[in-house]
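Asker: Sharing a structure with you now.
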Amino acid sequence: MYNWDLQNAIAAFVDSMRPYGPAQHELYMHALYTFVDMQSHLLTLLGFPPVQ
């Protein structure tokens, strides 16, 4: 019923990523900020007022 090998592989992968947590968080926040900034510029270009 359960695929323990797959579950163990996922757990091992997650454990291997733990030391890079702060870098992953920084990368995610940078990508999120870039996306939101791009959308803000697009909406301003389309005529919506900029948000302060």
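To be explicit about the labels: the chains of the structure tokens are called A, B, and onward in the order shown, and within each one the residues are counted from 1, while ligands get numbers from 1 in the order they are shown.
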What lies within 12 Å of range 48-51 of chain A using only C-alpha atoms, ignoring chain neighbours under 4 positions off, as a list in words?

Answerer: Val36, Asp37, Gln39, Ser40, His41, Leu42, Leu43 and Thr44 of chain A

Asker: Running DSSP on the backbone, which parts of chain A land in alpha helix (DSSP H), as JSON, numbers by chain?

Answerer: {"A": [4, 5, 6, 7, 8, 9, 10, 11, 12, 13, 14, 15, 16, 17, 21, 22, 23, 24, 25, 26, 27, 28, 29, 30, 31, 32, 33, 34, 35, 36, 37, 38, 39, 40, 41, 42, 43, 44, 45]}

Asker: Rounded to one decimal, what separation in Å do you get between CA of Ala12 in chain A and CA of Ala31 in chain A?

Answerer: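 Rounded to one decimal, the two atoms are 26.1 Å apart.
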